[in-house]
Protein chains: 2
Amino acid sequence: MTSQADLISTGELRLALRNSGMPLEALRWPITPPGLHYLLVHYDIPYVDVDRWQLRIDGRVERRLALPLAELKRRETVTVPVTMECAGNGRAGMRPRPVSQPWFCEAVGTAAWTGTPLAPLLREAGLDRGAVDVAFTGLDRGIEGGVAQAYARSLPVAEALGSGAILAWAIGDVPLPPQHGFPLRLVVPGWYGMTNVKWLDRIAVLDAPFDGYQQVTGYRIRSAADEPGEPVTRMEPRALMVPPGVPDFMTRRRFAPLAPCRLEGRAWSGRGRISRVEVSADGGASWRDAELGDAPGAHAWRAWWSEWMPAEPGDFELCCRATDAAGNVQPLAPEWNLGGYANNAVQRVVVTVGLR
Amino acid sequence: MTSQADLISTGELRLALRNSGMPLEALRWPITPPGLHYLLVHYDIPYVDVDRWQLRIDGRVERRLALPLAELKRRETVTVPVTMECAGNGRAGMRPRPVSQPWFCEAVGTAAWTGTPLAPLLREAGLDRGAVDVAFTGLDRGIEGGVAQAYARSLPVAEALGSGAILAWAIGDVPLPPQHGFPLRLVVPGWYGMTNVKWLDRIAVLDAPFDGYQQVTGYRIRSAADEPGEPVTRMEPRALMVPPGVPDFMTRRRFAPLAPCRLEGRAWSGRGRISRVEVSADGGASWRDAELGDAPGAHAWRAWWSEWMPAEPGDFELCCRATDAAGNVQPLAPEWNLGGYANNAVQRVVVTVGLR
């Protein structure tokens with residue numbers, strides 16, 4: 001039965017149809033195939049004339065810069081595999097359900113972003129001594145919480161210089177598609193997706209904390225609307241599995257034969273290397289360690305797998321749980337907050353075993 | 001206010017998050033950029049080892065064929081721009097709402113499919129005189145309506161030979177991504193999306209009408225479950241517009257300044273060339289003709305535009321309506337059926353004019 005609490009509004013459905021999750025069987029690939037990486041677009045995808053486009057760097061700098069794409073491409077070029085996850089991933093699993101893009105756990109993907117490191121560009125512009133934050137503004141415009149805005153987010157100076165952030169113009173050797181920020185986006189390894197500003201227009205160095213909507217109103221962990229809350233920053237650890245067996249079209253319920261089954265998936269954290277993944281076939285009552293494999297890069301998810309032999313026909317609740325080197329471990333149940341951010345509760349996949 | 005009838009179940013939301021619509025601002029491109037084409041996957045995206053894969057052609061043929069991909073690529077190669085639309089596009093606009101993938105109107109896209117024509121391959125295999133249908137089976141497996149199945153659909157022999165169908169291994173010059181049917185899919189210009197079987201495994205020539213689930217149970221226009229119904233075949237005409245102005249993040253409501261505005265979009269039909277597109281700024285009370293532009297190919301959508309100057313601030317309900325050369329015209333309101341198929345009622349976009 002579907003209870004009232006589980007019903008979704010048409011506004012949320014409109015968001016779900018615009019934004020794309022990564023079907024979890026795509027966890028099979030270390031680098032997410034083109035078109036399967038999750039995508040969240042706050043407003044509309046802007047149409048950008050790259051011949052007229054320039055990246056502006058200004059604010060509290062010694063030298064303002066205005067750089068066309070060809071100029072940026074003449075700088076040091078790197079390709080960095082990065083696992084990126086939406087800060088709202090897991091929102092639809094919270095009760096009461098925060099109303100926004102209603103992700104279950106599919107808002108993730110790994111791409112090999114190609115671009116130029118951010119830090120040398122900021123040094124070239126020359127940060128003033130009083131610089132505090134670096135604000136990144138995109139060309140995507142809309143209204144949110146009653147405020148007309150271009151999408152903008154900031155990083156503290158230390159993170160802008162030290163996090164390995166790049167300005168990316170390609171995925172591998174393919175130019176950014178429009179929906180991923182053509183012609184240029186920010187990519188900050190380890191941070192939740194909202195940080196990675198697309199359709200980058202301007203980088204402004206500020207001598208006071210950035211007070212844009214997406215920094216002080218959106219993306220805060222709050223329990224009530226009148227609290228300032230804590231900012232959402234780096235990704236919490238999470239393991240996901242490829243759902244075993246085959247699905248029912250409508251319910252997405254899984255069915256598998258009574259036979260040995262390899263549970264497999266990927267795990268990541270923005271707070272430390274993945275040090276452990278555990279699996280459970282009884283809803284989290286008992287756990288055992290999975291094998292850990294490679295990651296396509298230091299900032300990308302790590303493969304894991306575990307052989308499972310169901311003892312008898314019936315329903316099994318499979319779970320997986322990641323721990324990172326900093327000691328962070330996934331909770332068994334969601335930790336609620338008003339905006340529905342950073343819910344990294346363990347994935348639960350019910351499988352009916354005994355399909356003929 | 002959201003009424004009970006407008007609320008969506010979590011099952012439908014799971015489908016909406018797996019399947020991807022084309023954000024309507026992507027109507028700006030004549031060929032949909034990679035990753036923005038709509039995508040519907042009934043079961044899971046299969047993982048195919050192309051080195052072991054072969055296309056089998058058998059059934060009522062003189063010569064069975066088993067063709068690896070390299071063998072197919074040695075045949076005549078064509079690239080055909082095709083507009084493809086899901087048969088369920090518009091389903092979420094019907095009342096009572098049929099429960100399945102809940103599209104509004106975003107389940108469409110145009111790709112330049114590269115592959116080899118189907119008809120010469122069928123002639124090479126040699127159809128028996130009694131051949132009636134040609135059935136296409138994919139490698140994607142699941143359960144639907146209680147029936148375990150591999151996804152399969154058929155075409156009458158005349159359509160298999162005469163519709164311009166191709167077996168596609170690439171989009172432009174890029175190999176099919178996994179979610180679009182790697183290594184090979186059927187593409188039948190003019191037909192709704194369910195026809196274009198992905199991950200093609202087998203083509204079987206039959207001497208009786210194909211009775212697979214997706215042919216006789218799914219994709220039928222019925223008013224009650226005990227009717228045989230009429231099969232869903234070719235796309236009905238439809239025009240869509242790029243929603244003007246900027247959106248509110250959560251409601252997707254549009255806001256635009258009091259200024260001249262170009263309404264623009266694309267229109268298509270699987271039943272004849274688009275001969276007319278009309279626009280309305282008063283919810284369909286009055287209409288005027290839009291300008292018609294080019295199509296990227298005979299089987300692809302046609303551009304249209306119309307200059308609009310709102311007379312005063314306020315709310316306007318914009319509509320667009322297509323007519324094809326066969327005289328088919330879009331209805332103003334949905335025509336309900338049990339499965340929610342082929343709802344080509346005119347698009348309605350409410351815009352609040354007067355944004356400062």
# chains A, B, ... in the order shown; residues from 1 in each chain; ligands from 1

$ select_by_dssp --residues "stretch 81-317 of chain B" --states "alpha helix (DSSP H)" --output "list of chain:residue names"
B:Leu118, B:Ala119, B:Pro120, B:Leu121, B:Leu122, B:Arg123, B:Glu124, B:Ala125, B:Val157, B:Ala158, B:Glu159, B:Ala160, B:Leu161, B:Gly162, B:Tyr213, B:Gln214, B:Gln215, B:Val216

$ interface_residues --of "chain A" --to "chain B" --cutoff "8 Å" --atoms "only C-alpha atoms" --output "PyMOL selection string"
chain A and resi 2+6-23+25-26+33-36+42-45+100+103-104+106+141-144+177-179+246-252

$ residues_around --residues "A:Ala239" --least-positions-apart "4" --cutoff "10 Å" --atoms "only C-alpha atoms" --output "PyMOL selection string"
chain A and resi 264-269+274+276-279+301-304+319-323+330+344-347

$ residues_around --residues "A:Asp201" --least-positions-apart "3" --cutoff "9 Å" --atoms "only C-alpha atoms" --output "ChimeraX atom specification"
/A:53-57,136-139,184,198

$ residues_around --residues "A:Ala165" --least-positions-apart "3" --cutoff "8 Å" --atoms "only C-alpha atoms" --output "VMD selection string"
chain A and resid 117 to 119 160 to 162 186 to 189

$ closest_residue --among "B:Gly88, B:Pro68, B:Gly212, B:Gly59" --to "B:Tyr151" --atoms "only C-alpha atoms"
B:Gly212

$ decode --residues "stretch 147-184 of chain B" --atoms "C-alpha atoms" --output "PDB file, in the first residue's frame"
ATOM      1  CA  VAL B 147       5.356 -12.284 -17.246  1.00  0.00           C
ATOM      2  CA  ALA B 148       9.124 -12.948 -17.257  1.00  0.00           C
ATOM      3  CA  GLN B 149      10.422 -11.845 -20.649  1.00  0.00           C
ATOM      4  CA  ALA B 150      13.139 -10.452 -22.825  1.00  0.00           C
ATOM      5  CA  TYR B 151      11.909  -7.228 -24.405  1.00  0.00           C
ATOM      6  CA  ALA B 152      10.547  -8.000 -27.877  1.00  0.00           C
ATOM      7  CA  ARG B 153       8.484  -6.203 -30.498  1.00  0.00           C
ATOM      8  CA  SER B 154       7.513  -6.985 -34.085  1.00  0.00           C
ATOM      9  CA  LEU B 155       6.847  -5.236 -37.384  1.00  0.00           C
ATOM     10  CA  PRO B 156       4.632  -6.478 -40.214  1.00  0.00           C
ATOM     11  CA  VAL B 157       6.811  -7.688 -43.112  1.00  0.00           C
ATOM     12  CA  ALA B 158       5.779  -4.714 -45.272  1.00  0.00           C
ATOM     13  CA  GLU B 159       6.991  -2.247 -42.611  1.00  0.00           C
ATOM     14  CA  ALA B 160      10.178  -4.215 -41.942  1.00  0.00           C
ATOM     15  CA  LEU B 161      11.000  -3.979 -45.659  1.00  0.00           C
ATOM     16  CA  GLY B 162       9.491  -0.587 -46.508  1.00  0.00           C
ATOM     17  CA  SER B 163       9.744   1.779 -43.540  1.00  0.00           C
ATOM     18  CA  GLY B 164      13.402   2.705 -43.950  1.00  0.00           C
ATOM     19  CA  ALA B 165      14.333   0.795 -40.780  1.00  0.00           C
ATOM     20  CA  ILE B 166      18.016   0.488 -39.954  1.00  0.00           C
ATOM     21  CA  LEU B 167      20.144  -1.503 -37.533  1.00  0.00           C
ATOM     22  CA  ALA B 168      22.205   1.183 -35.779  1.00  0.00           C
ATOM     23  CA  TRP B 169      25.594   0.799 -34.060  1.00  0.00           C
ATOM     24  CA  ALA B 170      26.403   4.487 -33.629  1.00  0.00           C
ATOM     25  CA  ILE B 171      24.949   7.936 -33.021  1.00  0.00           C
ATOM     26  CA  GLY B 172      26.753  10.053 -35.589  1.00  0.00           C
ATOM     27  CA  ASP B 173      30.235   8.517 -35.413  1.00  0.00           C
ATOM     28  CA  VAL B 174      30.131   7.645 -31.712  1.00  0.00           C
ATOM     29  CA  PRO B 175      29.385   3.984 -30.818  1.00  0.00           C
ATOM     30  CA  LEU B 176      25.984   3.516 -29.189  1.00  0.00           C
ATOM     31  CA  PRO B 177      26.223   4.225 -25.468  1.00  0.00           C
ATOM     32  CA  PRO B 178      25.078   1.312 -23.275  1.00  0.00           C
ATOM     33  CA  GLN B 179      21.718   2.915 -22.482  1.00  0.00           C
ATOM     34  CA  HIS B 180      20.795   3.351 -26.152  1.00  0.00           C
ATOM     35  CA  GLY B 181      21.331  -0.297 -27.061  1.00  0.00           C
ATOM     36  CA  PHE B 182      25.039  -1.085 -27.443  1.00  0.00           C
ATOM     37  CA  PRO B 183      26.111  -2.816 -29.595  1.00  0.00           C
ATOM     38  CA  LEU B 184      23.068  -2.683 -31.933  1.00  0.00           C
TER      39      LEU B 184
END
